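Asks: Quick one: this structure, given as structure tokens, is what I'll be asking you about.
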Amino acid sequence: MNDWLKSDRNARTERATLRATARVAALADLHARPRAGAASMVRLTDLQGRADLLVIAGDITETGLMSELDSAVTALAEVQAPIVAVLGNHDLRTLRRTAFRRALQQAGVVVLDGDAIVVETAQGVRIGVAGVCGCGGGFWPAVGPERFPSRAMKALALRARRETARLDAALAGLHGDADVTVALTHFSPTASTLGREPLAKYWMLGNAELGSVIDRHPVDLAVHGHAHLGSPRGQTERGVPVRNVALPVVGGPVIFELPAVRRSDAADQEPALSGVWT
Ligand SMILES: [Fe+2]
Ligand SMILES: [Fe+2]
């Protein structure tokens with residue numbers, strides 16, 4: 001290993017050990033509607049001074065209309081912290097994808113779509129977020145798309161494989177560059193957060209390959225939405241904490257306090273879960 005790389009890693013580990021925590025607020029499924037108004041949609045003012053970053057796991061709008069996005073942006077303007085988001089299936093109904101993304105960017109929201117970003121907190125903790133919308137596909141044992149009989153299911157399986165490959169690449173791009181790593185998806189990477197969702201809908205709610213990808217990387221927390229009848233807490237096959245932050249599930253933004261140490265040093269640590277509105 002190059003000396004400069006070694007010393008950089010040592011410095012990063014030392015810095016991460018010395019710093020306390022990264023405070024990551026998370027929310028999904030705002031489903032903003034026109035003229036709903038910030039106050040009636042969700043209150044975000046209470047995050048002030050309590051979060052280093054807000055991540056939004058998709059379905060910001062109900063049908064992808066720009067008027068709906070205006071309502072969401074009004075609410076998000078209350079947030080002082082950096083905001084990182086992925087789009088959800090409802091956002092992707094927009095007929096103006098470029099304008100939709102540009103409006104979010106102009107509001108200061110970083111939209112991830114198969115890529116990653118590192119946000120440094122005021123205390124110097126580097127929070128890496130890798131994001132992708134994801135898609136359905138289900139949670140059956142991994143088999144190739146060629147095994148599925150119907151053309152529609154085969155297409156879905158291929159899409160799931162493509163989306164997970166994009167998450168894989170985004171997470172790989174973060175290696176060694178973040179003290180804390182968050183995987184952000186709209187669709188679920190696990191069935192363990194699907195709660196009261198009917199079994200027949202599981203194939204629409206996420207897929208196991210997203211979880212397999214997360215397990216291949218040093219991820220500290222996986223955040224998703226989309227499962228409105230789901231449950232807030234779950235984990236991947238290999239124990240990475242997964243949190244469903246869909247608004248109907250959690251009632252408002254949830255703040256996770258993540259120890260800024262490498263996952264190998266923090267195997268027994270779970271993120272502290274605190275609900276702003278609980
Ligand atoms: Fe939703
Ligand atoms: Fe959704």
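In the structure tokens, each chain is lettered A, B, ... as it comes, each chain's residues begin at 1, and ligands are numbered from 1 in order of appearance.
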Enumerate as a PDB file with N, CA and C atoms, in the first residue's frame all residues of stretch 58-172 of chain A assigned to alpha helix (DSSP H) by DSSP on the backbone, naming them with the chain letters and numbers the document uses.
Replies:
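As a result, out07.pdb now contains:
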```pdb
ATOM      1  N   MET A  66     -45.236  19.030 -11.422  1.00  0.00           N
ATOM      2  CA  MET A  66     -44.372  20.102 -10.941  1.00  0.00           C
ATOM      3  C   MET A  66     -45.056  20.897  -9.821  1.00  0.00           C
ATOM      4  N   SER A  67     -46.392  20.993  -9.870  1.00  0.00           N
ATOM      5  CA  SER A  67     -47.115  21.711  -8.810  1.00  0.00           C
ATOM      6  C   SER A  67     -46.992  20.968  -7.474  1.00  0.00           C
ATOM      7  N   GLU A  68     -46.956  19.641  -7.542  1.00  0.00           N
ATOM      8  CA  GLU A  68     -46.739  18.848  -6.319  1.00  0.00           C
ATOM      9  C   GLU A  68     -45.326  19.067  -5.794  1.00  0.00           C
ATOM     10  N   LEU A  69     -44.393  19.111  -6.737  1.00  0.00           N
ATOM     11  CA  LEU A  69     -42.999  19.311  -6.334  1.00  0.00           C
ATOM     12  C   LEU A  69     -42.825  20.676  -5.676  1.00  0.00           C
ATOM     13  N   ASP A  70     -43.566  21.671  -6.158  1.00  0.00           N
ATOM     14  CA  ASP A  70     -43.502  23.006  -5.539  1.00  0.00           C
ATOM     15  C   ASP A  70     -43.876  22.929  -4.053  1.00  0.00           C
ATOM     16  N   SER A  71     -44.935  22.158  -3.738  1.00  0.00           N
ATOM     17  CA  SER A  71     -45.339  21.991  -2.336  1.00  0.00           C
ATOM     18  C   SER A  71     -44.228  21.352  -1.521  1.00  0.00           C
ATOM     19  N   ALA A  72     -43.607  20.314  -2.113  1.00  0.00           N
ATOM     20  CA  ALA A  72     -42.536  19.611  -1.396  1.00  0.00           C
ATOM     21  C   ALA A  72     -41.344  20.531  -1.170  1.00  0.00           C
ATOM     22  N   VAL A  73     -40.993  21.278  -2.201  1.00  0.00           N
ATOM     23  CA  VAL A  73     -39.831  22.172  -2.095  1.00  0.00           C
ATOM     24  C   VAL A  73     -40.075  23.235  -1.030  1.00  0.00           C
ATOM     25  N   THR A  74     -41.316  23.705  -0.923  1.00  0.00           N
ATOM     26  CA  THR A  74     -41.648  24.685   0.122  1.00  0.00           C
ATOM     27  C   THR A  74     -41.388  24.100   1.502  1.00  0.00           C
ATOM     28  N   ALA A  75     -41.787  22.848   1.687  1.00  0.00           N
ATOM     29  CA  ALA A  75     -41.550  22.193   2.982  1.00  0.00           C
ATOM     30  C   ALA A  75     -40.063  21.973   3.215  1.00  0.00           C
ATOM     31  N   LEU A  76     -39.362  21.561   2.161  1.00  0.00           N
ATOM     32  CA  LEU A  76     -37.937  21.248   2.309  1.00  0.00           C
ATOM     33  C   LEU A  76     -37.095  22.502   2.546  1.00  0.00           C
ATOM     34  N   ARG A  97     -38.966  14.738 -16.634  1.00  0.00           N
ATOM     35  CA  ARG A  97     -37.920  14.249 -15.715  1.00  0.00           C
ATOM     36  C   ARG A  97     -36.773  15.236 -15.540  1.00  0.00           C
ATOM     37  N   THR A  98     -36.350  15.852 -16.640  1.00  0.00           N
ATOM     38  CA  THR A  98     -35.226  16.791 -16.539  1.00  0.00           C
ATOM     39  C   THR A  98     -35.616  17.991 -15.681  1.00  0.00           C
ATOM     40  N   ALA A  99     -36.804  18.547 -15.953  1.00  0.00           N
ATOM     41  CA  ALA A  99     -37.256  19.714 -15.186  1.00  0.00           C
ATOM     42  C   ALA A  99     -37.471  19.343 -13.718  1.00  0.00           C
ATOM     43  N   PHE A 100     -37.968  18.137 -13.486  1.00  0.00           N
ATOM     44  CA  PHE A 100     -38.226  17.657 -12.119  1.00  0.00           C
ATOM     45  C   PHE A 100     -36.917  17.606 -11.328  1.00  0.00           C
ATOM     46  N   ARG A 101     -35.916  17.000 -11.932  1.00  0.00           N
ATOM     47  CA  ARG A 101     -34.612  16.901 -11.250  1.00  0.00           C
ATOM     48  C   ARG A 101     -33.983  18.281 -11.078  1.00  0.00           C
ATOM     49  N   ARG A 102     -34.116  19.106 -12.121  1.00  0.00           N
ATOM     50  CA  ARG A 102     -33.503  20.431 -12.045  1.00  0.00           C
ATOM     51  C   ARG A 102     -34.148  21.253 -10.930  1.00  0.00           C
ATOM     52  N   ALA A 103     -35.464  21.139 -10.765  1.00  0.00           N
ATOM     53  CA  ALA A 103     -36.152  21.899  -9.711  1.00  0.00           C
ATOM     54  C   ALA A 103     -35.658  21.462  -8.332  1.00  0.00           C
ATOM     55  N   LEU A 104     -35.439  20.169  -8.171  1.00  0.00           N
ATOM     56  CA  LEU A 104     -34.909  19.690  -6.890  1.00  0.00           C
ATOM     57  C   LEU A 104     -33.492  20.212  -6.671  1.00  0.00           C
ATOM     58  N   GLN A 105     -32.680  20.141  -7.718  1.00  0.00           N
ATOM     59  CA  GLN A 105     -31.301  20.619  -7.585  1.00  0.00           C
ATOM     60  C   GLN A 105     -31.274  22.106  -7.260  1.00  0.00           C
ATOM     61  N   GLN A 106     -32.168  22.871  -7.896  1.00  0.00           N
ATOM     62  CA  GLN A 106     -32.211  24.313  -7.616  1.00  0.00           C
ATOM     63  C   GLN A 106     -32.658  24.590  -6.181  1.00  0.00           C
ATOM     64  N   ARG A 151     -42.987 -13.007 -19.611  1.00  0.00           N
ATOM     65  CA  ARG A 151     -42.119 -11.981 -20.184  1.00  0.00           C
ATOM     66  C   ARG A 151     -42.031 -10.773 -19.246  1.00  0.00           C
ATOM     67  N   ALA A 152     -43.155 -10.428 -18.611  1.00  0.00           N
ATOM     68  CA  ALA A 152     -43.164  -9.264 -17.718  1.00  0.00           C
ATOM     69  C   ALA A 152     -42.261  -9.508 -16.506  1.00  0.00           C
ATOM     70  N   MET A 153     -42.344 -10.709 -15.936  1.00  0.00           N
ATOM     71  CA  MET A 153     -41.521 -11.006 -14.763  1.00  0.00           C
ATOM     72  C   MET A 153     -40.043 -11.081 -15.143  1.00  0.00           C
ATOM     73  N   LYS A 154     -39.789 -11.591 -16.340  1.00  0.00           N
ATOM     74  CA  LYS A 154     -38.398 -11.646 -16.794  1.00  0.00           C
ATOM     75  C   LYS A 154     -37.849 -10.224 -16.956  1.00  0.00           C
ATOM     76  N   ALA A 155     -38.666  -9.331 -17.507  1.00  0.00           N
ATOM     77  CA  ALA A 155     -38.236  -7.932 -17.674  1.00  0.00           C
ATOM     78  C   ALA A 155     -37.982  -7.281 -16.316  1.00  0.00           C
ATOM     79  N   LEU A 156     -38.848  -7.593 -15.338  1.00  0.00           N
ATOM     80  CA  LEU A 156     -38.676  -7.035 -13.999  1.00  0.00           C
ATOM     81  C   LEU A 156     -37.383  -7.562 -13.360  1.00  0.00           C
ATOM     82  N   ALA A 157     -37.128  -8.848 -13.552  1.00  0.00           N
ATOM     83  CA  ALA A 157     -35.913  -9.435 -12.990  1.00  0.00           C
ATOM     84  C   ALA A 157     -34.660  -8.808 -13.613  1.00  0.00           C
ATOM     85  N   LEU A 158     -34.715  -8.549 -14.896  1.00  0.00           N
ATOM     86  CA  LEU A 158     -33.567  -7.907 -15.554  1.00  0.00           C
ATOM     87  C   LEU A 158     -33.387  -6.482 -15.034  1.00  0.00           C
ATOM     88  N   ARG A 159     -34.507  -5.801 -14.810  1.00  0.00           N
ATOM     89  CA  ARG A 159     -34.421  -4.428 -14.284  1.00  0.00           C
ATOM     90  C   ARG A 159     -33.844  -4.445 -12.872  1.00  0.00           C
ATOM     91  N   ALA A 160     -34.295  -5.422 -12.070  1.00  0.00           N
ATOM     92  CA  ALA A 160     -33.769  -5.540 -10.703  1.00  0.00           C
ATOM     93  C   ALA A 160     -32.265  -5.765 -10.733  1.00  0.00           C
ATOM     94  N   ARG A 161     -31.829  -6.605 -11.658  1.00  0.00           N
ATOM     95  CA  ARG A 161     -30.390  -6.876 -11.761  1.00  0.00           C
ATOM     96  C   ARG A 161     -29.636  -5.606 -12.158  1.00  0.00           C
ATOM     97  N   ARG A 162     -30.227  -4.833 -13.065  1.00  0.00           N
ATOM     98  CA  ARG A 162     -29.572  -3.603 -13.525  1.00  0.00           C
ATOM     99  C   ARG A 162     -29.509  -2.570 -12.394  1.00  0.00           C
ATOM    100  N   GLU A 163     -30.608  -2.410 -11.663  1.00  0.00           N
ATOM    101  CA  GLU A 163     -30.633  -1.438 -10.569  1.00  0.00           C
ATOM    102  C   GLU A 163     -29.657  -1.825  -9.459  1.00  0.00           C
ATOM    103  N   THR A 164     -29.595  -3.107  -9.145  1.00  0.00           N
ATOM    104  CA  THR A 164     -28.673  -3.526  -8.081  1.00  0.00           C
ATOM    105  C   THR A 164     -27.226  -3.358  -8.524  1.00  0.00           C
ATOM    106  N   ALA A 165     -26.950  -3.559  -9.806  1.00  0.00           N
ATOM    107  CA  ALA A 165     -25.584  -3.337 -10.305  1.00  0.00           C
ATOM    108  C   ALA A 165     -25.207  -1.867 -10.159  1.00  0.00           C
ATOM    109  N   ARG A 166     -26.178  -0.980 -10.351  1.00  0.00           N
ATOM    110  CA  ARG A 166     -25.909   0.455 -10.209  1.00  0.00           C
ATOM    111  C   ARG A 166     -25.672   0.818  -8.739  1.00  0.00           C
ATOM    112  N   LEU A 167     -26.421   0.182  -7.827  1.00  0.00           N
ATOM    113  CA  LEU A 167     -26.169   0.413  -6.399  1.00  0.00           C
ATOM    114  C   LEU A 167     -24.790  -0.131  -6.012  1.00  0.00           C
ATOM    115  N   ASP A 168     -24.461  -1.287  -6.553  1.00  0.00           N
ATOM    116  CA  ASP A 168     -23.157  -1.900  -6.298  1.00  0.00           C
ATOM    117  C   ASP A 168     -22.030  -0.935  -6.696  1.00  0.00           C
ATOM    118  N   ALA A 169     -22.147  -0.365  -7.886  1.00  0.00           N
ATOM    119  CA  ALA A 169     -21.112   0.555  -8.379  1.00  0.00           C
ATOM    120  C   ALA A 169     -21.049   1.814  -7.520  1.00  0.00           C
ATOM    121  N   ALA A 170     -22.210   2.309  -7.102  1.00  0.00           N
ATOM    122  CA  ALA A 170     -22.237   3.522  -6.280  1.00  0.00           C
ATOM    123  C   ALA A 170     -21.564   3.274  -4.932  1.00  0.00           C
ATOM    124  N   LEU A 171     -21.866   2.127  -4.326  1.00  0.00           N
ATOM    125  CA  LEU A 171     -21.237   1.798  -3.037  1.00  0.00           C
ATOM    126  C   LEU A 171     -19.734   1.569  -3.207  1.00  0.00           C
ATOM    127  N   ALA A 172     -19.364   0.916  -4.288  1.00  0.00           N
ATOM    128  CA  ALA A 172     -17.936   0.677  -4.539  1.00  0.00           C
ATOM    129  C   ALA A 172     -17.188   1.998  -4.661  1.00  0.00           C
TER     130      ALA A 172
END
```
Asks: Can you pull out every residue with an atom within 7 Å of ligand 2? Use only C-alpha atoms and all ligand atoms and format it as a compact mmCIF listing (two decimals) with C-alpha atoms, in the first residue's frame.
Replies:
```txt
# COMPACT_ATOMS: atom_id res chain seq x y z
CA ASP A 29 -43.15 8.96 0.85
CA GLY A 58 -38.33 8.71 -2.75
CA ASP A 59 -42.00 9.37 -3.52
CA GLY A 88 -39.57 6.95 -6.07
CA ASN A 89 -41.95 5.27 -8.49
CA HIS A 90 -44.52 8.06 -7.98
CA HIS A 186 -36.87 3.71 -2.55
CA GLY A 225 -39.50 3.80 1.77
CA HIS A 226 -42.33 2.61 -0.52
```
Asks: Closest to ligand 1 among A:Val250, A:Ala20, A:Val42, A:Leu30, using only C-alpha atoms and all ligand atoms?
Replies: A:Leu30
Asks: As an exercise, work out the distance from atom CA of A:Cys133 to atom CA of A:Val254 in Å and give it to one decimal place.
Replies: 19.8 Å
Asks: Rank nothing, just name the residue among A:Gly108, A:Pro253, A:Gly239, A:Gly230 nearest to ligand 1, using only C-alpha atoms and all ligand atoms.
Replies: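 That would be A:Gly230, the residue with the smallest distance to ligand 1.
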